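*Asks:* Can you keep this structure in mind? I'll have questions shortly.
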2 protein chains.
Amino acid sequence: MARVCEFDPSAVLTSAMEAFRRGGFESVSIRTLEDATGLKAGSIYNSFGDKQGLFRAAFAHYVEHVLRARIAEHAPPEAGLAGLRALFISLMYEPDDGTLGCLITNSAVEFGGSDAQPAAVHAALEILADLFGQRLPATQSVKLLALYQGILVLVRAGWNKPALEAMVQAEFDQLEGEPNVA
Amino acid sequence: MARVCEFDPSAVLTSAMEAFRRGGFESVSIRTLEDATGLKAGSIYNSFGDKQGLFRAAFAHYVEHVLRARIAEHAPPEAGLAGLRALFISLMYEPDDGTLGCLITNSAVEFGGSDAQPAAVHAALEILADLFGQRLPATQSVKLLALYQGILVLVRAGWNKPALEAMVQAEFDQLEGEPNVA
DNA sequence: GTTATTCTAGAACATCTGCTAAAGAATGAG
DNA sequence: CTCATTCTTTAGCAGATGTTCTAGAATAAC
């Protein structure tokens, strides 16, 4: 019926996602996104409506292909607390030293000041909260959620990673030593 | 010898600080800072050199008058672990529901993607690390640092505060129940 | 091959960005 | 008062910003 798209949507979203992870929403320009994705501005607007639309798509892509993939890899349902431990440890071994940052954490901070915190951010945090809540009592699952976010902040800030890793190990040692009922 | 400044430096820095806490560095424009501080662009550049200079000054102002003041109020040296508990709880009772956010946490995230993470951010994190380190063993003090950052992310994201508060109470109950040696 | 439809390319727009230059206003030393 | 010095104000610049418009290219049903 008409001309077909030339680009690979998944590759484009991955590139845009990376750019947004690195610089946040505001300070990544359409020109930068052109370079990152290989698309021209016209095509971006044709495919995603506007910059926010591309961000929304990239955010969803992140939740699906980074967050959910990480959970599936390290902490599948049957892996229990050991899986959660592996999940936390994996945060210290990100490809580029973790300075890319987590798009969820970064967005929570960047949009936290505006009136309209995107619902997607809250929903993404809820995924982690649910994951922890299935394997630990309420207070401890909230603690893990906060710890998770805090670790990502510190990793992005370049904090000493061995110290963070030792802390995670000690924390899970304690968690596994206790009688815990979800 | 010459004309004297008309503005109150501390008030100006407080206003600028608030603007930066709300929106970060990048997305707060000089025009916004003019409105926030009451100064005209010319005066800002005359007094602080450039936008980064104003930010640096506002950041130092935050460390001195918000972070250090909060520590002095809730967790003076003699207050021990109970003081740290009060410090953490205070994060949930910020004037504007905490959506302003912590300038340190926000900056760690915003500048984490660039090559040059400002040294001031690391130094500010170190203040907290030292505070915790004086009252707890290493692994637990790192945990508190991460928890602190994570709580600020979650508060800024609008997360359920009573749940966070309960988590903090439980965590410190456990911390005080153990035999801890710094 | 025609044609309706969709994608791409590139230029262009209005607005906003950080920043500066020039002129006017206030100060205190002499 | 005089005058050098410093602050404040205003206007404006050059470049970047998100977005749109138009022309051209590719597709697939007919």
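The way I read the labels, and the way they are meant: chains A, B, ... in the order of the structure tokens, residue 1 as the first residue of every chain, and ligand 1 as the first ligand shown, with later ones counted on from there.
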Only residues of chain D matter here; which ones have an atom within 12 Å of chain B, counting only C-alpha atoms (C1' of nucleotides)? Give them as a list in words.
*Replies:*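 The selection requested is DC3, DA4, DT5, DT6, DC7, DT8, DT9, DT10, DA11 and DT17 of chain D.
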*Asks:* Counting only C-alpha atoms (C1' of nucleotides), which residues from chain C have an atom at most 6 Å from any atom of chain A, and could you show them as a ChimeraX atom specification?
*Replies:* /C:5-7
*Asks:* Please tabulate, as JSON lines, the residues of segment 24-86 of chain B that come within 9 Å of segment 11-30 of chain C, each with its closest pair of atoms and the distance in Å to one decimal, counting only C-alpha atoms (C1' of nucleotides) and ordering rows by chain, then residue number upward.
*Replies:*
```
{"residue": "B:Ser29", "atom": "CA", "partner": "C:DT17", "partner_atom": "C1'", "distance": 7.5}
{"residue": "B:Ile30", "atom": "CA", "partner": "C:DG18", "partner_atom": "C1'", "distance": 7.4}
{"residue": "B:Ala41", "atom": "CA", "partner": "C:DC19", "partner_atom": "C1'", "distance": 8.8}
{"residue": "B:Gly42", "atom": "CA", "partner": "C:DT20", "partner_atom": "C1'", "distance": 8.7}
{"residue": "B:Tyr45", "atom": "CA", "partner": "C:DC19", "partner_atom": "C1'", "distance": 8.3}
{"residue": "B:Asp50", "atom": "CA", "partner": "C:DC19", "partner_atom": "C1'", "distance": 8.0}
{"residue": "B:Lys51", "atom": "CA", "partner": "C:DG18", "partner_atom": "C1'", "distance": 7.8}
```
*Asks:* Output C-alpha atoms for every residue in the selection just made, as a PDB file, in the first residue's frame.
*Replies:*
```pdb
ATOM      1  CA  SER B  29      17.620  28.543  32.370  1.00  0.00           C
ATOM      2  CA  ILE B  30      19.213  31.844  33.192  1.00  0.00           C
ATOM      3  CA  ALA B  41      21.370  38.138  34.039  1.00  0.00           C
ATOM      4  CA  GLY B  42      24.047  40.810  34.020  1.00  0.00           C
ATOM      5  CA  TYR B  45      27.337  36.886  35.443  1.00  0.00           C
ATOM      6  CA  ASP B  50      28.637  31.937  34.542  1.00  0.00           C
ATOM      7  CA  LYS B  51      25.778  29.510  35.076  1.00  0.00           C
TER       8      LYS B  51
END
```
*Asks:* Per residue of chain B within 6 Å of chain A, note the shortest atom pair and the distance in Å to one decimal, counting only C-alpha atoms, and order the rows by chain and increasing residue number, as a tab-separated table.
*Replies:*
```
residue	atom	partner	partner_atom	distance
B:Arg22	CA	A:Gly113	CA	4.7
B:Gly23	CA	A:Gly113	CA	5.8
B:Thr99	CA	A:Gly113	CA	5.7
B:Leu100	CA	A:Gly113	CA	5.9
B:Ala108	CA	A:Ala157	CA	5.2
B:Gly112	CA	A:Arg156	CA	5.0
B:Gly113	CA	A:Arg22	CA	4.8
B:Thr139	CA	A:Met167	CA	4.8
B:Ala146	CA	A:Gly150	CA	4.3
B:Leu147	CA	A:Leu147	CA	4.9
B:Gln149	CA	A:Gly150	CA	4.6
B:Gly150	CA	A:Gly150	CA	3.7
B:Ile151	CA	A:Ala146	CA	5.4
B:Arg156	CA	A:Gly112	CA	5.0
B:Ala157	CA	A:Ala108	CA	5.2
B:Met167	CA	A:Thr139	CA	4.8
```
*Asks:* List the spatial neighbours of Ala11 of chain B as a VMD selection string - criterion: any atom at most 12 Å away, only C-alpha atoms (C1' of nucleotides), same-chain residues fewer than 3 positions off excluded.
*Replies:* chain B and resid 6 to 8 14 to 18 36 to 39 58 61 65
*Asks:* Output C-alpha atoms for every residue in that selection, as a PDB file, in the first residue's frame.
*Replies:*
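Ended up saving to selection26.pdb:
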```pdb
ATOM      1  CA  GLU B   6      22.198  45.341  46.591  1.00  0.00           C
ATOM      2  CA  PHE B   7      21.191  41.728  47.026  1.00  0.00           C
ATOM      3  CA  ASP B   8      21.539  39.401  49.999  1.00  0.00           C
ATOM      4  CA  THR B  14      18.897  29.842  48.581  1.00  0.00           C
ATOM      5  CA  SER B  15      16.610  30.756  45.686  1.00  0.00           C
ATOM      6  CA  ALA B  16      19.013  29.457  43.071  1.00  0.00           C
ATOM      7  CA  MET B  17      19.488  26.304  45.092  1.00  0.00           C
ATOM      8  CA  GLU B  18      15.761  25.727  45.190  1.00  0.00           C
ATOM      9  CA  ALA B  36      13.988  32.888  41.123  1.00  0.00           C
ATOM     10  CA  THR B  37      16.728  35.110  42.486  1.00  0.00           C
ATOM     11  CA  GLY B  38      15.454  38.544  41.524  1.00  0.00           C
ATOM     12  CA  LEU B  39      18.807  39.279  39.928  1.00  0.00           C
ATOM     13  CA  ALA B  58      24.374  27.010  45.185  1.00  0.00           C
ATOM     14  CA  HIS B  61      25.293  26.496  49.927  1.00  0.00           C
ATOM     15  CA  HIS B  65      22.997  25.027  55.005  1.00  0.00           C
TER      16      HIS B  65
END
```
*Asks:* Would you give me, as an MDAnalysis selection string, the residues in chain B that DSSP reads as alpha helix (DSSP H)?
*Replies:* chainID B and resid 9:23 30:37 41:48 51:62 68:74 80:90 103:111 119:133 138:156 161:177
*Asks:* Selection from above, C-alpha atoms, as a tab-separated table (two decimals), in the first residue's frame, can you write it?
*Replies:*
```
chain	number	residue	atom	x	y	z
B	9	PRO	CA	23.98	36.71	48.81
B	10	SER	CA	22.53	34.07	51.08
B	11	ALA	CA	18.96	34.69	49.92
B	12	VAL	CA	20.05	34.61	46.30
B	13	LEU	CA	21.87	31.33	46.78
B	14	THR	CA	18.90	29.84	48.58
B	15	SER	CA	16.61	30.76	45.69
B	16	ALA	CA	19.01	29.46	43.07
B	17	MET	CA	19.49	26.30	45.09
B	18	GLU	CA	15.76	25.73	45.19
B	19	ALA	CA	15.47	26.17	41.45
B	20	PHE	CA	18.32	23.73	40.82
B	21	ARG	CA	16.89	21.22	43.27
B	22	ARG	CA	13.60	21.33	41.45
B	23	GLY	CA	14.83	21.14	37.89
B	30	ILE	CA	19.21	31.84	33.19
B	31	ARG	CA	15.79	33.46	32.70
B	32	THR	CA	14.33	31.12	35.30
B	33	LEU	CA	17.19	31.95	37.61
B	34	GLU	CA	16.52	35.65	37.09
B	35	ASP	CA	12.95	35.15	38.26
B	36	ALA	CA	13.99	32.89	41.12
B	37	THR	CA	16.73	35.11	42.49
B	41	ALA	CA	21.37	38.14	34.04
B	42	GLY	CA	24.05	40.81	34.02
B	43	SER	CA	24.37	40.74	37.79
B	44	ILE	CA	24.44	36.97	37.86
B	45	TYR	CA	27.34	36.89	35.44
B	46	ASN	CA	29.04	39.72	37.25
B	47	SER	CA	28.79	37.92	40.58
B	48	PHE	CA	29.21	34.27	39.67
B	51	LYS	CA	25.78	29.51	35.08
B	52	GLN	CA	28.12	26.82	36.34
B	53	GLY	CA	29.60	29.25	38.83
B	54	LEU	CA	26.18	30.00	40.25
B	55	PHE	CA	25.47	26.29	40.41
B	56	ARG	CA	28.71	25.60	42.21
B	57	ALA	CA	27.93	28.30	44.75
B	58	ALA	CA	24.37	27.01	45.18
B	59	PHE	CA	25.65	23.48	45.62
B	60	ALA	CA	28.12	24.57	48.32
B	61	HIS	CA	25.29	26.50	49.93
B	62	TYR	CA	23.21	23.35	49.95
B	68	ARG	CA	25.24	19.96	57.39
B	69	ALA	CA	22.37	21.73	59.11
B	70	ARG	CA	20.25	18.60	58.92
B	71	ILE	CA	23.04	16.51	60.37
B	72	ALA	CA	23.64	19.02	63.16
B	73	GLU	CA	19.96	19.10	63.99
B	74	HIS	CA	19.16	15.39	63.96
B	80	GLY	CA	24.73	7.95	68.12
B	81	LEU	CA	22.55	5.58	66.14
B	82	ALA	CA	19.39	7.23	67.40
B	83	GLY	CA	20.57	10.38	65.70
B	84	LEU	CA	21.07	8.60	62.41
B	85	ARG	CA	17.59	7.19	62.72
B	86	ALA	CA	16.18	10.67	63.23
B	87	LEU	CA	18.19	11.87	60.23
B	88	PHE	CA	16.66	9.24	57.99
B	89	ILE	CA	13.17	9.82	59.27
B	90	SER	CA	13.54	13.54	58.63
B	103	LEU	CA	20.77	18.42	45.29
B	104	ILE	CA	23.51	15.88	45.89
B	105	THR	CA	21.51	12.86	44.78
B	106	ASN	CA	20.05	14.75	41.85
B	107	SER	CA	23.45	16.00	40.74
B	108	ALA	CA	25.05	12.58	41.09
B	109	VAL	CA	22.46	11.28	38.66
B	110	GLU	CA	22.46	14.25	36.29
B	111	PHE	CA	26.23	14.52	35.95
B	119	ALA	CA	34.31	16.62	42.59
B	120	ALA	CA	31.86	18.46	44.82
B	121	VAL	CA	29.31	15.69	44.40
B	122	HIS	CA	31.75	13.05	45.52
B	123	ALA	CA	32.87	15.21	48.42
B	124	ALA	CA	29.30	15.67	49.56
B	125	LEU	CA	28.65	11.93	49.46
B	126	GLU	CA	31.79	11.51	51.49
B	127	ILE	CA	30.35	13.67	54.25
B	128	LEU	CA	27.53	11.18	54.67
B	129	ALA	CA	29.85	8.21	54.35
B	130	ASP	CA	32.04	9.60	57.11
B	131	LEU	CA	29.07	10.33	59.32
B	132	PHE	CA	27.85	6.75	59.03
B	133	GLY	CA	31.34	5.33	59.22
B	138	ALA	CA	32.18	-0.36	57.07
B	139	THR	CA	29.67	-2.61	55.33
B	140	GLN	CA	26.79	-1.23	57.31
B	141	SER	CA	27.81	2.36	56.79
B	142	VAL	CA	27.93	1.77	53.03
B	143	LYS	CA	24.50	0.24	53.25
B	144	LEU	CA	23.17	3.33	55.00
B	145	LEU	CA	24.70	5.55	52.34
B	146	ALA	CA	22.97	3.58	49.59
B	147	LEU	CA	19.76	3.47	51.57
B	148	TYR	CA	19.91	7.22	52.06
B	149	GLN	CA	20.30	7.85	48.34
B	150	GLY	CA	17.63	5.33	47.47
B	151	ILE	CA	15.14	6.83	49.87
B	152	LEU	CA	15.67	10.23	48.28
B	153	VAL	CA	15.06	8.79	44.83
B	154	LEU	CA	11.87	7.11	45.98
B	155	VAL	CA	10.60	10.15	47.85
B	156	ARG	CA	11.19	12.29	44.77
B	161	LYS	CA	6.12	7.44	52.57
B	162	PRO	CA	4.67	5.45	55.47
B	163	ALA	CA	6.13	2.31	53.94
B	164	LEU	CA	9.52	3.97	53.68
B	165	GLU	CA	9.30	5.21	57.24
B	166	ALA	CA	8.37	1.76	58.55
B	167	MET	CA	11.32	0.33	56.67
B	168	VAL	CA	13.69	2.85	58.24
B	169	GLN	CA	12.37	2.11	61.72
B	170	ALA	CA	12.74	-1.64	61.23
B	171	GLU	CA	16.23	-1.22	59.86
B	172	PHE	CA	17.39	0.85	62.81
B	173	ASP	CA	15.68	-1.45	65.27
B	174	GLN	CA	17.79	-4.22	63.86
B	175	LEU	CA	20.92	-2.07	63.81
B	176	GLU	CA	20.51	-1.14	67.47
B	177	GLY	CA	19.74	-4.69	68.46
```
*Asks:* What does the distance from atom C1' of DT20 of chain D to atom C1' of DA9 of chain C come to in Å, to one decimal?
*Replies:*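 A separation of 13.6 Å between them.
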*Asks:* Which value, in Å to one decimal, gives the distance between atom CA of Met92 of chain A and atom CA of Leu136 of chain B?
*Replies:* 23.3 Å
*Asks:* Which value, in Å to one decimal, gives the distance between atom CA of Pro77 of chain A and atom CA of Arg135 of chain A?
*Replies:* 9.1 Å
